[in-house]
$ cat structure.cif   # mmCIF, C-alpha atoms
data_entry
#
loop_
_atom_site.label_atom_id
_atom_site.label_comp_id
_atom_site.auth_asym_id
_atom_site.auth_seq_id
_atom_site.Cartn_x
_atom_site.Cartn_y
_atom_site.Cartn_z
CA MET Y 142 148.98 29.91 89.62
CA SER Y 143 146.88 31.78 87.14
CA LYS Y 144 147.41 35.52 86.94
CA LEU Y 145 143.99 36.07 85.41
CA THR Y 146 140.78 36.66 87.31
CA LEU Y 147 137.39 36.79 85.67
CA LYS Y 148 134.17 37.39 87.48
CA THR Y 149 130.71 38.82 87.18
CA GLU Y 150 129.76 41.88 89.22
CA GLY Y 151 126.20 43.02 89.88
CA ASP Y 152 123.70 42.29 87.14
CA THR Y 153 125.45 43.75 84.11
CA HIS Y 154 129.20 43.81 84.70
CA VAL Y 155 132.06 41.47 83.95
CA VAL Y 156 135.44 42.25 85.51
CA VAL Y 157 138.76 40.85 84.28
CA THR Y 158 142.07 41.49 86.02
CA ARG Y 159 145.55 40.51 84.92
CA ARG Y 160 149.02 41.43 86.14
CA PHE Y 161 151.91 42.21 83.78
CA ALA Y 162 155.63 42.46 84.43
CA ALA Y 163 155.89 45.65 82.32
CA PRO Y 164 155.04 49.20 83.47
CA PRO Y 165 151.62 50.81 82.66
CA GLU Y 166 153.03 52.82 79.74
CA ALA Y 167 154.05 49.64 77.89
CA VAL Y 168 150.78 47.80 78.62
CA TYR Y 169 148.79 50.85 77.53
CA ARG Y 170 150.77 51.03 74.28
CA ALA Y 171 150.14 47.33 73.63
CA HIS Y 172 146.41 48.06 73.90
CA THR Y 173 146.39 51.10 71.56
CA ASP Y 174 149.09 50.49 68.91
CA PRO Y 175 147.55 48.49 65.99
CA LYS Y 176 150.87 46.82 65.15
CA LEU Y 177 151.13 45.48 68.68
CA ILE Y 178 147.43 44.57 69.04
CA GLN Y 179 147.64 42.43 65.90
CA LYS Y 180 150.27 40.29 67.58
CA TRP Y 181 148.37 39.30 70.68
CA LEU Y 182 144.60 39.92 70.51
CA LEU Y 183 143.93 36.69 68.64
CA GLY Y 184 142.10 34.10 70.72
CA PRO Y 185 142.56 30.41 69.85
CA GLU Y 186 145.57 28.98 68.02
CA GLY Y 187 145.48 29.52 64.26
CA TRP Y 188 143.50 32.76 64.26
CA THR Y 189 144.98 35.98 62.90
CA MET Y 190 143.87 39.63 62.70
CA PRO Y 191 144.51 40.84 59.12
CA VAL Y 192 142.67 44.13 59.69
CA CYS Y 193 143.38 46.23 62.77
CA ILE Y 194 142.19 49.82 62.85
CA ASN Y 195 142.69 51.58 66.17
CA ASP Y 196 142.43 55.36 66.23
CA ALA Y 197 143.28 55.99 69.87
CA ARG Y 198 141.67 59.37 70.53
CA PRO Y 199 138.21 60.35 71.84
CA GLY Y 200 135.67 59.46 69.13
CA GLY Y 201 138.30 57.41 67.26
CA LYS Y 202 137.21 54.24 65.50
CA ILE Y 203 138.13 50.67 66.33
CA ARG Y 204 137.81 47.82 63.84
CA TYR Y 205 139.32 44.37 64.30
CA GLU Y 206 138.82 41.59 61.75
CA TRP Y 207 139.75 38.02 62.60
CA THR Y 208 140.08 34.96 60.40
CA ASN Y 209 141.02 31.34 60.98
CA GLY Y 210 142.45 31.12 57.44
CA LYS Y 211 139.89 28.46 56.54
CA GLY Y 212 137.01 30.68 55.56
CA ARG Y 213 135.74 31.48 59.03
CA GLY Y 214 135.91 34.97 60.40
CA PHE Y 215 134.14 37.75 62.26
CA HIS Y 216 134.79 41.34 63.20
CA LEU Y 217 134.42 43.85 65.97
CA THR Y 218 133.74 47.58 65.72
CA GLY Y 219 133.89 50.23 68.40
CA GLU Y 220 134.61 53.82 69.34
CA TYR Y 221 136.85 55.41 71.92
CA ILE Y 222 135.19 57.59 74.55
CA GLU Y 223 138.00 58.64 76.89
CA LEU Y 224 141.74 58.08 77.00
CA GLU Y 225 144.07 59.01 79.85
CA PRO Y 226 147.58 57.94 78.87
CA TYR Y 227 148.83 55.65 80.36
CA SER Y 228 146.30 54.82 83.03
CA ARG Y 229 142.77 54.52 81.63
CA ILE Y 230 140.81 53.79 78.45
CA VAL Y 231 137.04 53.86 78.00
CA HIS Y 232 135.52 52.54 74.79
CA VAL Y 233 132.42 50.80 73.47
CA GLU Y 234 132.54 47.74 71.26
CA ARG Y 235 130.27 45.21 69.61
CA MET Y 236 130.88 41.94 67.83
CA HIS Y 237 129.45 41.20 64.38
CA LEU Y 238 128.59 37.51 64.18
CA PRO Y 239 127.38 38.64 61.62
CA ASP Y 240 124.57 40.46 63.46
CA ALA Y 241 125.85 43.12 65.83
CA THR Y 242 125.74 42.24 69.52
CA PRO Y 243 124.53 44.94 71.96
CA ASP Y 244 127.17 47.53 72.89
CA ASN Y 245 129.68 46.54 75.52
CA ARG Y 246 131.12 49.54 77.39
CA VAL Y 247 134.63 48.73 78.53
CA GLU Y 248 136.71 50.66 81.05
CA THR Y 249 140.32 49.49 81.19
CA ARG Y 250 142.61 50.71 83.96
CA PHE Y 251 146.37 50.27 84.11
CA ASP Y 252 147.67 50.75 87.65
CA ALA Y 253 151.36 50.64 88.52
CA GLU Y 254 152.13 47.86 90.95
CA GLY Y 255 155.78 47.60 91.92
CA THR Y 256 157.67 47.51 88.61
CA GLY Y 257 154.64 45.97 86.86
CA THR Y 258 151.01 46.72 86.07
CA LEU Y 259 147.66 45.61 87.36
CA MET Y 260 145.15 45.80 84.52
CA THR Y 261 141.45 45.93 85.44
CA MET Y 262 138.95 45.65 82.64
CA ARG Y 263 135.35 46.36 83.61
CA MET Y 264 132.72 45.56 81.01
CA THR Y 265 129.19 46.93 81.26
CA LEU Y 266 126.47 45.23 79.24
CA PRO Y 267 123.03 46.77 78.65
CA ASP Y 268 121.21 44.13 80.70
CA THR Y 269 121.50 40.77 82.44
CA GLU Y 270 120.21 38.87 79.39
CA THR Y 271 122.91 40.33 77.16
CA ARG Y 272 125.56 39.39 79.68
CA ALA Y 273 124.19 35.85 79.87
CA ALA Y 274 124.22 35.58 76.08
CA MET Y 275 127.80 36.87 75.99
CA LEU Y 276 128.86 34.30 78.56
CA ALA Y 277 127.12 31.49 76.70
CA THR Y 278 128.42 32.24 73.23
CA GLY Y 279 131.84 33.12 74.57
CA MET Y 280 133.16 34.53 71.31
CA GLU Y 281 136.04 32.82 69.57
CA ARG Y 282 138.49 35.46 70.53
CA GLY Y 283 138.03 34.72 74.17
CA MET Y 284 138.26 38.35 75.19
CA GLU Y 285 134.51 38.53 75.44
CA ALA Y 286 134.40 35.46 77.53
CA SER Y 287 133.90 35.66 81.18
CA TYR Y 288 133.81 33.45 84.12
CA VAL Y 289 131.06 32.83 86.58
CA ARG Y 290 132.66 31.85 89.82
CA LEU Y 291 130.95 28.53 90.26
CA GLU Y 292 133.67 27.31 92.58
CA GLY Y 293 133.24 30.30 94.86
CA MET Y 294 129.52 29.78 94.95
CA MET Y 295 129.51 26.09 95.79
CA MET Q 727 118.38 10.14 84.94
CA SER Q 728 120.13 11.76 82.02
CA VAL Q 729 120.80 15.45 82.06
CA THR Q 730 121.50 17.43 78.96
CA LEU Q 731 123.12 20.78 79.33
CA ASN Q 732 121.75 23.77 77.50
CA LEU Q 733 124.53 26.38 77.73
CA ASP Q 734 122.40 29.35 76.74
CA ALA Q 735 119.81 28.37 79.32
CA ALA Q 736 122.50 27.59 81.91
CA PHE Q 737 124.10 31.02 81.73
CA ALA Q 738 120.74 32.74 81.64
CA ALA Q 739 119.75 30.73 84.71
CA LEU Q 740 122.88 31.88 86.54
CA ALA Q 741 122.18 35.54 85.80
CA ASP Q 742 119.55 35.62 88.55
CA PRO Q 743 120.62 36.01 92.21
CA THR Q 744 117.77 33.84 93.55
CA ARG Q 745 118.72 31.00 91.22
CA ARG Q 746 122.38 31.31 92.20
CA GLY Q 747 121.22 31.15 95.81
CA ILE Q 748 119.21 28.00 95.09
CA LEU Q 749 122.29 26.36 93.53
CA ALA Q 750 124.39 27.37 96.52
CA ARG Q 751 121.80 25.82 98.86
CA LEU Q 752 121.60 22.61 96.80
CA ALA Q 753 125.39 22.36 96.86
CA LYS Q 754 124.98 21.52 100.56
CA GLY Q 755 122.53 18.71 99.82
CA GLU Q 756 119.15 17.99 98.32
CA ALA Q 757 116.10 19.98 99.39
CA THR Q 758 112.37 20.17 98.79
CA VAL Q 759 110.62 23.18 97.26
CA MET Q 760 109.32 24.10 100.71
CA GLU Q 761 112.80 24.02 102.21
CA LEU Q 762 114.14 26.09 99.33
CA ALA Q 763 111.35 28.68 99.57
CA LYS Q 764 111.97 29.49 103.24
CA PRO Q 765 115.30 31.39 103.18
CA PHE Q 766 114.28 33.39 100.12
CA GLU Q 767 110.95 34.53 101.58
CA MET Q 768 109.28 33.62 98.32
CA THR Q 769 106.12 31.67 97.56
CA GLN Q 770 106.48 28.04 96.52
CA PRO Q 771 105.16 28.72 92.99
CA ALA Q 772 107.81 31.43 92.56
CA ILE Q 773 110.56 29.03 93.68
CA SER Q 774 109.09 26.31 91.45
CA GLN Q 775 109.37 28.65 88.48
CA HIS Q 776 113.08 29.25 89.23
CA LEU Q 777 113.61 25.50 89.67
CA LYS Q 778 111.95 24.84 86.33
CA LEU Q 779 114.48 27.11 84.59
CA LEU Q 780 117.37 25.47 86.43
CA GLU Q 781 116.09 22.01 85.47
CA GLU Q 782 115.64 23.00 81.83
CA ALA Q 783 119.20 24.30 81.85
CA GLY Q 784 120.39 20.92 83.10
CA LEU Q 785 121.77 22.30 86.38
CA VAL Q 786 119.22 20.79 88.77
CA ALA Q 787 117.63 17.33 88.89
CA ARG Q 788 114.74 15.92 90.91
CA ARG Q 789 113.78 12.52 92.26
CA VAL Q 790 110.52 11.06 93.47
CA ASP Q 791 110.19 10.32 97.20
CA GLY Q 792 106.54 9.52 97.96
CA THR Q 793 104.70 12.79 97.52
CA LYS Q 794 107.92 14.80 97.66
CA ARG Q 795 110.15 15.79 94.75
CA PRO Q 796 113.47 16.72 96.33
CA ARG Q 797 115.88 18.64 94.09
CA ARG Q 798 119.62 18.23 93.89
CA LEU Q 799 122.49 19.62 91.84
CA ALA Q 800 122.95 17.90 88.49
CA LYS Q 801 126.69 17.18 88.58
CA VAL Q 802 126.91 16.48 84.83
CA GLY Q 803 125.47 19.89 83.99
CA ILE Q 804 127.67 21.77 86.44
CA GLU Q 805 130.78 19.95 85.23
CA ALA Q 806 129.99 20.56 81.55
CA MET Q 807 129.60 24.24 82.31
CA ASP Q 808 132.90 24.31 84.16
CA GLN Q 809 134.64 22.70 81.19
CA TRP Q 810 133.15 25.25 78.82
CA LEU Q 811 134.30 28.11 81.03
CA ALA Q 812 137.76 26.60 81.37
CA MET Q 813 138.03 26.58 77.58
CA LEU Q 814 137.03 30.23 77.31
CA ARG Q 815 139.39 31.12 80.10
CA LYS Q 816 142.20 29.36 78.24
CA ALA Q 817 141.57 31.43 75.10
CA LEU Q 818 141.76 34.59 77.18
CA GLU Q 819 144.94 33.40 78.89
CA ASN Q 820 146.48 32.66 75.46
CA ASN Q 821 146.01 36.31 74.47
CA TYR Q 822 147.65 37.63 77.61
CA ASP Q 823 150.49 35.11 77.48
CA ARG Q 824 151.25 36.44 73.99
CA LEU Q 825 151.06 39.99 75.34
CA ASP Q 826 153.59 39.06 78.06
CA GLU Q 827 156.06 38.09 75.33
CA ILE Q 828 155.48 41.33 73.40
CA LEU Q 829 155.95 43.41 76.54
CA ALA Q 830 159.18 41.57 77.32
CA GLY Q 831 160.47 42.54 73.87
CA MET Q 832 159.41 46.19 74.03
CA GLU Q 833 161.80 49.06 74.69
CA GLN Q 834 161.56 50.19 78.29
CA PRO Q 835 163.46 53.52 78.23
CA GLU Q 836 162.43 54.47 81.77
CA ILE Q 837 163.75 51.28 83.26
CA LYS Q 838 166.94 51.49 81.24
CA ARG Q 839 167.63 54.98 82.53
CA ARG Q 840 167.28 53.79 86.10
CA ARG Q 841 169.84 51.11 85.49
#
$ encode --input "structure.cif" --output "structure tokens"
Amino acid sequence: MSKLTLKTEGDTHVVVTRRFAAPPEAVYRAHTDPKLIQKWLLGPEGWTMPVCINDARPGGKIRYEWTNGKGRGFHLTGEYIELEPYSRIVHVERMHLPDATPDNRVETRFDAEGTGTLMTMRMTLPDTETRAAMLATGMERGMEASYVRLEGMM
Amino acid sequence: MSVTLNLDAAFAALADPTRRGILARLAKGEATVMELAKPFEMTQPAISQHLKLLEEAGLVARRVDGTKRPRRLAKVGIEAMDQWLAMLRKALENNYDRLDEILAGMEQPEIKRRR
């Protein structure tokens, strides 16, 4: 059974949920500590993140650079808006492919659930077209990808 | 009839609630434009415009039956889209599986104290 859910909500949102065995404090740290982020936020096999800047405070900058080691790469930039350790993060981000994609506003919640954590990531795109483009291009890192619930619809 | 899937067009087509509704209706069986127009309280030209986008995206196909042109789901297009989404979903799962391992290796002082 997959622990991940991915669905669209309304016209401009994408919601991802995932459960973790660790408490919210640990999951929050894994999302804000550059040394930890570099180890997991990678996408497909073979990709690495040589540059990881993550200044986890309101207004702080985010910059992730990925490479496949064979000359292909892209990067993401963003800014933090709100941080409530260890329960909630709000930030904006955009991919550079190499042109910048429209801003994606992301609210990530970490809710304690038993001894583990339920993470809920709610993305807000500027409009339906941008969300459709994001779904279609997918982004190599997979994080930007989302899932239209075709099964549920049919 | 061959159907080619245009992913950009397919996702754009799915962004509209009426078009999702049309796909849901066609999942139950083929239907004419008139039959499709009824539940949506839309004019036939408006429904035809939505159908055109769905056909261009490779998600809907039509056949000729006398003067009628009943539409049906294009299985090839729907399946190709599912495969694409499964691939993206896998990449996302890979990230979180890696995160599971990191979390398992992290110090958990609170839990240790409780023990």
$ residues_around --input "structure.cif" --residues "Arg170 (chain Y)" --least-positions-apart "6" --cutoff "12 Å" --atoms "all atoms listed in the file" --output "JSON, numbers by chain"
{"Y": [163, 164, 176, 177, 178, 195, 197, 224, 225, 226, 227, 228, 229, 230, 251], "Q": [825, 828, 829, 832, 833, 834]}
$ axis_aligned_box --input "structure.cif" --around "region 770-788 of chain Q" --padding-each-side "8 Å" --output "AutoDock Vina command-line options"
--center_x 113.5 --center_y 23.7 --center_z 89.2 --size_x 32.6 --size_y 31.5 --size_z 30.7
$ resolve_selection --input "structure.cif" --expression "the PyMOL selection byres ((chain Y and resi 142-158) around 9)" --output "PyMOL selection string"
(chain Y and resi 159-161+259-272+286-290) or (chain Q and resi 741-743+815+818-819+822)
$ closest_residue --input "structure.cif" --among "Q:Arg789, Q:Arg751, Q:Ala800, Q:Lys816" --to "Phe766 (chain Q)" --atoms "only C-alpha atoms"
Q:Arg751
$ closest_atom_pairs --input "structure.cif" --of "chain Q" --to "chain Y" --cutoff "7 Å" --atoms "only C-alpha atoms" --output "JSON lines"
{"residue": "Q:Leu733", "atom": "CA", "partner": "Y:Ala277", "partner_atom": "CA", "distance": 5.8}
{"residue": "Q:Asp734", "atom": "CA", "partner": "Y:Ala277", "partner_atom": "CA", "distance": 5.2}
{"residue": "Q:Phe737", "atom": "CA", "partner": "Y:Ala273", "partner_atom": "CA", "distance": 5.2}
{"residue": "Q:Ala738", "atom": "CA", "partner": "Y:Ala273", "partner_atom": "CA", "distance": 5.0}
{"residue": "Q:Ala741", "atom": "CA", "partner": "Y:Thr269", "partner_atom": "CA", "distance": 6.3}
{"residue": "Q:Ala750", "atom": "CA", "partner": "Y:Met295", "partner_atom": "CA", "distance": 5.3}
{"residue": "Q:Ala753", "atom": "CA", "partner": "Y:Met295", "partner_atom": "CA", "distance": 5.7}
{"residue": "Q:Leu811", "atom": "CA", "partner": "Y:Tyr288", "partner_atom": "CA", "distance": 6.2}
{"residue": "Q:Leu814", "atom": "CA", "partner": "Y:Gly283", "partner_atom": "CA", "distance": 5.6}
{"residue": "Q:Ala817", "atom": "CA", "partner": "Y:Gly283", "partner_atom": "CA", "distance": 4.9}
{"residue": "Q:Leu818", "atom": "CA", "partner": "Y:Gly283", "partner_atom": "CA", "distance": 4.8}
{"residue": "Q:Asn820", "atom": "CA", "partner": "Y:Gly184", "partner_atom": "CA", "distance": 6.6}
{"residue": "Q:Asn821", "atom": "CA", "partner": "Y:Trp181", "partner_atom": "CA", "distance": 5.4}
{"residue": "Q:Arg824", "atom": "CA", "partner": "Y:Trp181", "partner_atom": "CA", "distance": 5.2}
{"residue": "Q:Leu825", "atom": "CA", "partner": "Y:Trp181", "partner_atom": "CA", "distance": 5.4}
{"residue": "Q:Asp826", "atom": "CA", "partner": "Y:Phe161", "partner_atom": "CA", "distance": 6.7}
{"residue": "Q:Leu829", "atom": "CA", "partner": "Y:Ala163", "partner_atom": "CA", "distance": 6.2}
$ closest_residue --input "structure.cif" --among "Y:Glu234, Y:Glu248, Y:Glu223, Y:Asp240" --to "Tyr205 (chain Y)" --atoms "only C-alpha atoms"
Y:Glu234
$ atom_distance --input "structure.cif" --atom1 "CA of Ala787 (chain Q)" --atom2 "CA of Ala772 (chain Q)"
17.6 Å
$ closest_residue --input "structure.cif" --among "Q:Ala735, Q:Gln775, Q:Glu756, Q:Gly747" --to "Leu799 (chain Q)" --atoms "only C-alpha atoms"
Q:Glu756
$ atom_distance --input "structure.cif" --atom1 "CA of Lys754 (chain Q)" --atom2 "CA of Arg797 (chain Q)"
11.5 Å
$ resolve_selection --input "structure.cif" --expression "the PyMOL selection byres ((chain Y and resi 238) around 10)" --output "list in words"
Gly214, Phe215, His216, Leu217, Arg235, Met236, His237, Pro239, Asp240, Ala241, Thr242 and Met280 of chain Y
$ decode --input "structure.cif" --residues "region 727-759 of chain Q" --atoms "N, CA and C atoms" --output "PDB file, in the first residue's frame"
ATOM      1  N   MET Q 727      -8.883   3.260 -35.569  1.00  0.00           N
ATOM      2  CA  MET Q 727      -8.496   4.670 -35.430  1.00  0.00           C
ATOM      3  C   MET Q 727      -7.287   4.789 -34.506  1.00  0.00           C
ATOM      4  N   SER Q 728      -6.310   5.540 -34.925  1.00  0.00           N
ATOM      5  CA  SER Q 728      -5.140   5.708 -34.067  1.00  0.00           C
ATOM      6  C   SER Q 728      -5.289   6.988 -33.258  1.00  0.00           C
ATOM      7  N   VAL Q 729      -4.869   6.912 -32.036  1.00  0.00           N
ATOM      8  CA  VAL Q 729      -4.957   8.065 -31.156  1.00  0.00           C
ATOM      9  C   VAL Q 729      -3.566   8.419 -30.675  1.00  0.00           C
ATOM     10  N   THR Q 730      -3.169   9.641 -30.881  1.00  0.00           N
ATOM     11  CA  THR Q 730      -1.886  10.053 -30.333  1.00  0.00           C
ATOM     12  C   THR Q 730      -2.132  10.968 -29.159  1.00  0.00           C
ATOM     13  N   LEU Q 731      -1.406  10.732 -28.114  1.00  0.00           N
ATOM     14  CA  LEU Q 731      -1.595  11.496 -26.893  1.00  0.00           C
ATOM     15  C   LEU Q 731      -0.709  12.729 -26.892  1.00  0.00           C
ATOM     16  N   ASN Q 732      -1.320  13.869 -26.607  1.00  0.00           N
ATOM     17  CA  ASN Q 732      -0.583  15.097 -26.420  1.00  0.00           C
ATOM     18  C   ASN Q 732      -0.679  15.421 -24.928  1.00  0.00           C
ATOM     19  N   LEU Q 733       0.411  15.190 -24.190  1.00  0.00           N
ATOM     20  CA  LEU Q 733       0.351  15.337 -22.726  1.00  0.00           C
ATOM     21  C   LEU Q 733      -0.007  16.742 -22.266  1.00  0.00           C
ATOM     22  N   ASP Q 734       0.611  17.735 -22.901  1.00  0.00           N
ATOM     23  CA  ASP Q 734       0.275  19.117 -22.524  1.00  0.00           C
ATOM     24  C   ASP Q 734      -1.214  19.353 -22.686  1.00  0.00           C
ATOM     25  N   ALA Q 735      -1.726  18.951 -23.849  1.00  0.00           N
ATOM     26  CA  ALA Q 735      -3.145  19.153 -24.136  1.00  0.00           C
ATOM     27  C   ALA Q 735      -4.014  18.310 -23.207  1.00  0.00           C
ATOM     28  N   ALA Q 736      -3.532  17.110 -22.874  1.00  0.00           N
ATOM     29  CA  ALA Q 736      -4.319  16.217 -22.016  1.00  0.00           C
ATOM     30  C   ALA Q 736      -4.495  16.813 -20.621  1.00  0.00           C
ATOM     31  N   PHE Q 737      -3.414  17.321 -20.050  1.00  0.00           N
ATOM     32  CA  PHE Q 737      -3.532  17.893 -18.708  1.00  0.00           C
ATOM     33  C   PHE Q 737      -4.322  19.189 -18.721  1.00  0.00           C
ATOM     34  N   ALA Q 738      -4.148  19.966 -19.778  1.00  0.00           N
ATOM     35  CA  ALA Q 738      -4.921  21.201 -19.900  1.00  0.00           C
ATOM     36  C   ALA Q 738      -6.401  20.853 -20.020  1.00  0.00           C
ATOM     37  N   ALA Q 739      -6.693  19.787 -20.772  1.00  0.00           N
ATOM     38  CA  ALA Q 739      -8.082  19.367 -20.957  1.00  0.00           C
ATOM     39  C   ALA Q 739      -8.695  18.958 -19.619  1.00  0.00           C
ATOM     40  N   LEU Q 740      -7.907  18.317 -18.777  1.00  0.00           N
ATOM     41  CA  LEU Q 740      -8.415  17.836 -17.488  1.00  0.00           C
ATOM     42  C   LEU Q 740      -8.586  18.945 -16.457  1.00  0.00           C
ATOM     43  N   ALA Q 741      -8.040  20.122 -16.750  1.00  0.00           N
ATOM     44  CA  ALA Q 741      -8.120  21.214 -15.776  1.00  0.00           C
ATOM     45  C   ALA Q 741      -9.525  21.804 -15.692  1.00  0.00           C
ATOM     46  N   ASP Q 742     -10.399  21.441 -16.633  1.00  0.00           N
ATOM     47  CA  ASP Q 742     -11.733  22.017 -16.664  1.00  0.00           C
ATOM     48  C   ASP Q 742     -12.781  21.037 -16.113  1.00  0.00           C
ATOM     49  N   PRO Q 743     -13.611  21.502 -15.162  1.00  0.00           N
ATOM     50  CA  PRO Q 743     -14.585  20.594 -14.542  1.00  0.00           C
ATOM     51  C   PRO Q 743     -15.601  20.002 -15.527  1.00  0.00           C
ATOM     52  N   THR Q 744     -16.028  20.791 -16.520  1.00  0.00           N
ATOM     53  CA  THR Q 744     -16.973  20.261 -17.510  1.00  0.00           C
ATOM     54  C   THR Q 744     -16.342  19.112 -18.288  1.00  0.00           C
ATOM     55  N   ARG Q 745     -15.080  19.301 -18.681  1.00  0.00           N
ATOM     56  CA  ARG Q 745     -14.412  18.250 -19.459  1.00  0.00           C
ATOM     57  C   ARG Q 745     -14.158  17.003 -18.609  1.00  0.00           C
ATOM     58  N   ARG Q 746     -13.877  17.204 -17.320  1.00  0.00           N
ATOM     59  CA  ARG Q 746     -13.740  16.030 -16.446  1.00  0.00           C
ATOM     60  C   ARG Q 746     -15.084  15.310 -16.346  1.00  0.00           C
ATOM     61  N   GLY Q 747     -16.152  16.112 -16.291  1.00  0.00           N
ATOM     62  CA  GLY Q 747     -17.493  15.537 -16.234  1.00  0.00           C
ATOM     63  C   GLY Q 747     -17.822  14.743 -17.491  1.00  0.00           C
ATOM     64  N   ILE Q 748     -17.420  15.269 -18.633  1.00  0.00           N
ATOM     65  CA  ILE Q 748     -17.646  14.573 -19.912  1.00  0.00           C
ATOM     66  C   ILE Q 748     -16.911  13.235 -19.896  1.00  0.00           C
ATOM     67  N   LEU Q 749     -15.662  13.234 -19.431  1.00  0.00           N
ATOM     68  CA  LEU Q 749     -14.891  11.984 -19.371  1.00  0.00           C
ATOM     69  C   LEU Q 749     -15.559  10.986 -18.431  1.00  0.00           C
ATOM     70  N   ALA Q 750     -16.049  11.493 -17.304  1.00  0.00           N
ATOM     71  CA  ALA Q 750     -16.713  10.613 -16.342  1.00  0.00           C
ATOM     72  C   ALA Q 750     -17.962   9.987 -16.965  1.00  0.00           C
ATOM     73  N   ARG Q 751     -18.695  10.793 -17.736  1.00  0.00           N
ATOM     74  CA  ARG Q 751     -19.900  10.295 -18.414  1.00  0.00           C
ATOM     75  C   ARG Q 751     -19.519   9.252 -19.475  1.00  0.00           C
ATOM     76  N   LEU Q 752     -18.473   9.533 -20.244  1.00  0.00           N
ATOM     77  CA  LEU Q 752     -18.065   8.612 -21.314  1.00  0.00           C
ATOM     78  C   LEU Q 752     -17.481   7.314 -20.746  1.00  0.00           C
ATOM     79  N   ALA Q 753     -17.017   7.376 -19.506  1.00  0.00           N
ATOM     80  CA  ALA Q 753     -16.492   6.165 -18.870  1.00  0.00           C
ATOM     81  C   ALA Q 753     -17.598   5.122 -18.711  1.00  0.00           C
ATOM     82  N   LYS Q 754     -18.849   5.603 -18.698  1.00  0.00           N
ATOM     83  CA  LYS Q 754     -19.996   4.681 -18.557  1.00  0.00           C
ATOM     84  C   LYS Q 754     -20.456   4.131 -19.904  1.00  0.00           C
ATOM     85  N   GLY Q 755     -19.943   4.702 -20.996  1.00  0.00           N
ATOM     86  CA  GLY Q 755     -20.331   4.239 -22.318  1.00  0.00           C
ATOM     87  C   GLY Q 755     -20.401   5.392 -23.292  1.00  0.00           C
ATOM     88  N   GLU Q 756     -20.456   5.062 -24.594  1.00  0.00           N
ATOM     89  CA  GLU Q 756     -20.408   6.149 -25.568  1.00  0.00           C
ATOM     90  C   GLU Q 756     -21.689   6.975 -25.562  1.00  0.00           C
ATOM     91  N   ALA Q 757     -21.573   8.210 -26.033  1.00  0.00           N
ATOM     92  CA  ALA Q 757     -22.707   9.130 -26.003  1.00  0.00           C
ATOM     93  C   ALA Q 757     -22.595  10.143 -27.130  1.00  0.00           C
ATOM     94  N   THR Q 758     -23.756  10.625 -27.570  1.00  0.00           N
ATOM     95  CA  THR Q 758     -23.766  11.655 -28.614  1.00  0.00           C
ATOM     96  C   THR Q 758     -23.613  13.030 -27.967  1.00  0.00           C
ATOM     97  N   VAL Q 759     -23.353  14.029 -28.802  1.00  0.00           N
ATOM     98  CA  VAL Q 759     -23.192  15.399 -28.299  1.00  0.00           C
ATOM     99  C   VAL Q 759     -24.458  15.833 -27.560  1.00  0.00           C
TER     100      VAL Q 759
END
